[in-house]
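What follows is the content of run.cif, which has mmCIF, N, CA and C atoms:
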data_model
loop_
_atom_site.label_atom_id
_atom_site.label_comp_id
_atom_site.auth_asym_id
_atom_site.auth_seq_id
_atom_site.Cartn_x
_atom_site.Cartn_y
_atom_site.Cartn_z
N MET M 6 25.12 -27.87 -8.78
CA MET M 6 24.26 -28.74 -9.53
C MET M 6 22.93 -28.86 -8.78
N LEU M 7 21.85 -28.69 -9.49
CA LEU M 7 20.52 -28.78 -8.89
C LEU M 7 19.80 -30.04 -9.38
N SER M 8 19.16 -30.71 -8.47
CA SER M 8 18.34 -31.85 -8.86
C SER M 8 16.96 -31.33 -9.27
N ARG M 9 16.22 -32.18 -9.95
CA ARG M 9 14.87 -31.79 -10.36
C ARG M 9 14.00 -31.52 -9.13
N CYS M 10 14.20 -32.30 -8.08
CA CYS M 10 13.45 -32.09 -6.84
C CYS M 10 13.74 -30.70 -6.26
N SER M 11 15.00 -30.30 -6.26
CA SER M 11 15.37 -28.98 -5.74
C SER M 11 14.76 -27.86 -6.57
N VAL M 12 14.75 -28.03 -7.87
CA VAL M 12 14.14 -27.03 -8.75
C VAL M 12 12.65 -26.90 -8.45
N GLU M 13 11.98 -28.03 -8.25
CA GLU M 13 10.54 -27.99 -7.95
C GLU M 13 10.28 -27.32 -6.61
N ILE M 14 11.11 -27.57 -5.62
CA ILE M 14 10.96 -26.93 -4.31
C ILE M 14 11.15 -25.42 -4.45
N LEU M 15 12.17 -25.01 -5.19
CA LEU M 15 12.41 -23.58 -5.39
C LEU M 15 11.24 -22.92 -6.12
N LEU M 16 10.68 -23.62 -7.10
CA LEU M 16 9.51 -23.08 -7.80
C LEU M 16 8.33 -22.91 -6.85
N ASP M 17 8.11 -23.89 -5.99
CA ASP M 17 7.02 -23.79 -5.01
C ASP M 17 7.23 -22.60 -4.07
N LEU M 18 8.46 -22.42 -3.61
CA LEU M 18 8.76 -21.30 -2.72
C LEU M 18 8.56 -19.96 -3.41
N LEU M 19 8.96 -19.88 -4.67
CA LEU M 19 8.75 -18.65 -5.44
C LEU M 19 7.27 -18.35 -5.61
N GLU M 20 6.49 -19.37 -5.90
CA GLU M 20 5.04 -19.16 -6.06
C GLU M 20 4.42 -18.65 -4.77
N ILE M 21 4.85 -19.19 -3.64
CA ILE M 21 4.34 -18.73 -2.34
C ILE M 21 4.72 -17.26 -2.12
N LYS M 22 5.98 -16.94 -2.39
CA LYS M 22 6.44 -15.56 -2.21
C LYS M 22 5.69 -14.61 -3.14
N LEU M 23 5.51 -15.01 -4.39
CA LEU M 23 4.79 -14.16 -5.34
C LEU M 23 3.34 -13.95 -4.91
N ALA M 24 2.71 -14.99 -4.39
CA ALA M 24 1.32 -14.88 -3.95
C ALA M 24 1.18 -13.93 -2.76
N ALA M 25 2.21 -13.87 -1.92
CA ALA M 25 2.14 -13.03 -0.73
C ALA M 25 2.75 -11.65 -0.94
N PHE M 26 3.34 -11.42 -2.09
CA PHE M 26 4.07 -10.17 -2.34
C PHE M 26 3.10 -8.99 -2.44
N VAL M 27 3.44 -7.93 -1.71
CA VAL M 27 2.65 -6.70 -1.73
C VAL M 27 3.59 -5.55 -2.07
N VAL M 28 3.27 -4.83 -3.13
CA VAL M 28 4.08 -3.68 -3.52
C VAL M 28 3.80 -2.55 -2.55
N GLN M 29 4.87 -2.10 -1.84
CA GLN M 29 4.70 -1.06 -0.85
C GLN M 29 5.54 0.18 -1.13
N ASP M 30 6.64 0.01 -1.86
CA ASP M 30 7.45 1.18 -2.18
C ASP M 30 7.94 1.10 -3.62
N ARG M 31 8.73 2.05 -4.03
CA ARG M 31 9.08 2.14 -5.45
C ARG M 31 10.06 1.06 -5.90
N ASP M 32 10.76 0.41 -4.98
CA ASP M 32 11.68 -0.66 -5.34
C ASP M 32 10.98 -2.01 -5.50
N ASP M 33 9.81 -2.14 -4.95
CA ASP M 33 9.09 -3.41 -4.99
C ASP M 33 8.70 -3.89 -6.39
N PRO M 34 8.30 -3.02 -7.31
CA PRO M 34 7.99 -3.53 -8.66
C PRO M 34 9.20 -4.18 -9.33
N ARG M 35 10.39 -3.64 -9.09
CA ARG M 35 11.60 -4.26 -9.64
C ARG M 35 11.85 -5.62 -9.01
N GLU M 36 11.67 -5.70 -7.72
CA GLU M 36 11.83 -6.98 -7.02
C GLU M 36 10.82 -8.00 -7.53
N LEU M 37 9.60 -7.56 -7.75
CA LEU M 37 8.55 -8.44 -8.28
C LEU M 37 8.95 -8.98 -9.66
N GLU M 38 9.49 -8.13 -10.51
CA GLU M 38 9.93 -8.57 -11.83
C GLU M 38 11.09 -9.56 -11.74
N ARG M 39 12.00 -9.32 -10.80
CA ARG M 39 13.12 -10.26 -10.60
C ARG M 39 12.60 -11.63 -10.18
N LEU M 40 11.63 -11.64 -9.28
CA LEU M 40 11.05 -12.91 -8.83
C LEU M 40 10.35 -13.63 -9.98
N LYS M 41 9.61 -12.88 -10.79
CA LYS M 41 8.92 -13.49 -11.94
C LYS M 41 9.92 -14.05 -12.94
N ASN M 42 11.01 -13.32 -13.19
CA ASN M 42 12.04 -13.81 -14.11
C ASN M 42 12.71 -15.07 -13.56
N CYS M 43 12.97 -15.07 -12.28
CA CYS M 43 13.57 -16.24 -11.64
C CYS M 43 12.65 -17.45 -11.79
N LYS M 44 11.36 -17.25 -11.57
CA LYS M 44 10.39 -18.34 -11.71
C LYS M 44 10.37 -18.86 -13.15
N ARG M 45 10.41 -17.95 -14.11
CA ARG M 45 10.43 -18.34 -15.52
C ARG M 45 11.68 -19.17 -15.85
N GLU M 46 12.82 -18.72 -15.35
CA GLU M 46 14.07 -19.43 -15.61
C GLU M 46 14.06 -20.83 -14.98
N LEU M 47 13.57 -20.92 -13.75
CA LEU M 47 13.50 -22.23 -13.10
C LEU M 47 12.50 -23.14 -13.81
N SER M 48 11.40 -22.59 -14.27
CA SER M 48 10.42 -23.38 -15.01
C SER M 48 11.03 -23.91 -16.31
N ASP M 49 11.76 -23.05 -17.00
CA ASP M 49 12.43 -23.46 -18.23
C ASP M 49 13.45 -24.56 -17.95
N LEU M 50 14.21 -24.41 -16.88
CA LEU M 50 15.20 -25.41 -16.50
C LEU M 50 14.52 -26.74 -16.20
N SER M 51 13.43 -26.68 -15.47
CA SER M 51 12.69 -27.90 -15.13
C SER M 51 12.18 -28.60 -16.39
N GLN M 52 11.64 -27.83 -17.32
CA GLN M 52 11.14 -28.40 -18.57
C GLN M 52 12.27 -29.00 -19.40
N ASN M 53 13.39 -28.29 -19.47
CA ASN M 53 14.54 -28.79 -20.22
C ASN M 53 15.06 -30.09 -19.63
N MET M 54 15.09 -30.16 -18.31
CA MET M 54 15.54 -31.39 -17.64
C MET M 54 14.61 -32.55 -17.99
N SER M 55 13.32 -32.30 -17.95
CA SER M 55 12.35 -33.34 -18.27
C SER M 55 12.45 -33.78 -19.72
N GLN M 56 12.56 -32.83 -20.63
CA GLN M 56 12.67 -33.15 -22.05
C GLN M 56 13.94 -33.93 -22.34
N TYR M 57 15.04 -33.52 -21.73
CA TYR M 57 16.31 -34.22 -21.97
C TYR M 57 16.20 -35.66 -21.47
N ARG M 58 15.61 -35.82 -20.31
CA ARG M 58 15.49 -37.17 -19.74
C ARG M 58 14.62 -38.05 -20.64
N LYS M 59 13.51 -37.51 -21.14
CA LYS M 59 12.63 -38.28 -22.02
C LYS M 59 13.37 -38.67 -23.30
N ARG M 60 14.09 -37.72 -23.89
CA ARG M 60 14.84 -38.01 -25.12
C ARG M 60 15.90 -39.07 -24.87
N SER M 61 16.59 -38.95 -23.75
CA SER M 61 17.64 -39.91 -23.42
C SER M 61 17.06 -41.31 -23.26
N LEU M 62 15.92 -41.42 -22.61
CA LEU M 62 15.30 -42.72 -22.41
C LEU M 62 14.80 -43.30 -23.74
N LEU M 63 14.26 -42.44 -24.61
CA LEU M 63 13.76 -42.91 -25.90
C LEU M 63 14.88 -43.41 -26.80
N HIS M 64 16.03 -42.75 -26.73
CA HIS M 64 17.14 -43.09 -27.61
C HIS M 64 18.17 -44.00 -26.95
N GLY M 65 17.90 -44.41 -25.73
CA GLY M 65 18.81 -45.32 -25.05
C GLY M 65 20.16 -44.72 -24.71
N GLU M 66 20.21 -43.40 -24.60
CA GLU M 66 21.48 -42.73 -24.29
C GLU M 66 21.83 -42.95 -22.83
N THR M 67 23.09 -43.17 -22.58
CA THR M 67 23.53 -43.34 -21.19
C THR M 67 24.38 -42.19 -20.71
N ALA M 68 24.95 -41.43 -21.64
CA ALA M 68 25.77 -40.28 -21.25
C ALA M 68 24.85 -39.14 -20.83
N VAL M 69 25.07 -38.63 -19.62
CA VAL M 69 24.22 -37.57 -19.08
C VAL M 69 25.10 -36.38 -18.72
N PRO M 70 24.72 -35.17 -19.18
CA PRO M 70 25.50 -33.98 -18.80
C PRO M 70 25.57 -33.83 -17.28
N ALA M 71 26.62 -33.21 -16.80
CA ALA M 71 26.84 -33.05 -15.37
C ALA M 71 25.66 -32.39 -14.67
N LEU M 72 25.03 -31.43 -15.30
CA LEU M 72 23.91 -30.72 -14.69
C LEU M 72 22.76 -31.64 -14.38
N LEU M 73 22.57 -32.68 -15.20
CA LEU M 73 21.40 -33.53 -15.07
C LEU M 73 21.69 -34.84 -14.34
N ARG M 74 22.90 -35.09 -13.92
CA ARG M 74 23.23 -36.36 -13.28
C ARG M 74 22.47 -36.64 -12.00
N SER M 75 22.06 -35.61 -11.29
CA SER M 75 21.40 -35.82 -10.01
C SER M 75 19.89 -35.98 -10.11
N ILE M 76 19.36 -36.06 -11.29
CA ILE M 76 17.91 -36.21 -11.47
C ILE M 76 17.50 -37.59 -11.07
#
As structure tokens, how would this structure be written, given the file I've shared?
Amino acid sequence: MLSRCSVEILLDLLEIKLAAFVVQDRDDPRELERLKNCKRELSDLSQNMSQYRKRSLLHGETAVPALLRSI
């Protein structure tokens, strides 16, 4: 289970790695794509967590899925 804080830290680390990434051999473009996909997935997860939390607060819901309990 990941907290929103952990997701944000991972996103920051990915951005740093992507900024410093230099393609040097033929395997590097694949690695670069994997990193970009990972960043996209974490960004989507972060947005989904935020949207779910906002909806829950607006509707007064108290039941929280296990994935989001640590937010």
Residues of chain M in helix (DSSP H, G or I), written as a ChimeraX atom specification: /M:9-25,33-64,71-73
Which residues would end up in the selection if the PyMOL selection byres ((chain M and resi 15-28) around 8) were applied here, given that I need the answer as a VMD selection string? chain M and resid 9 to 14 29 to 34 37 40 to 41 43 to 44 47 to 48
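Atom N of Tyr57 of chain M is positioned 29.5 Å from atom C of Glu36 of chain M.
Coordinates place atom CA of Met54 of chain M at a distance of 22.4 Å from atom CA of Arg39 of chain M.
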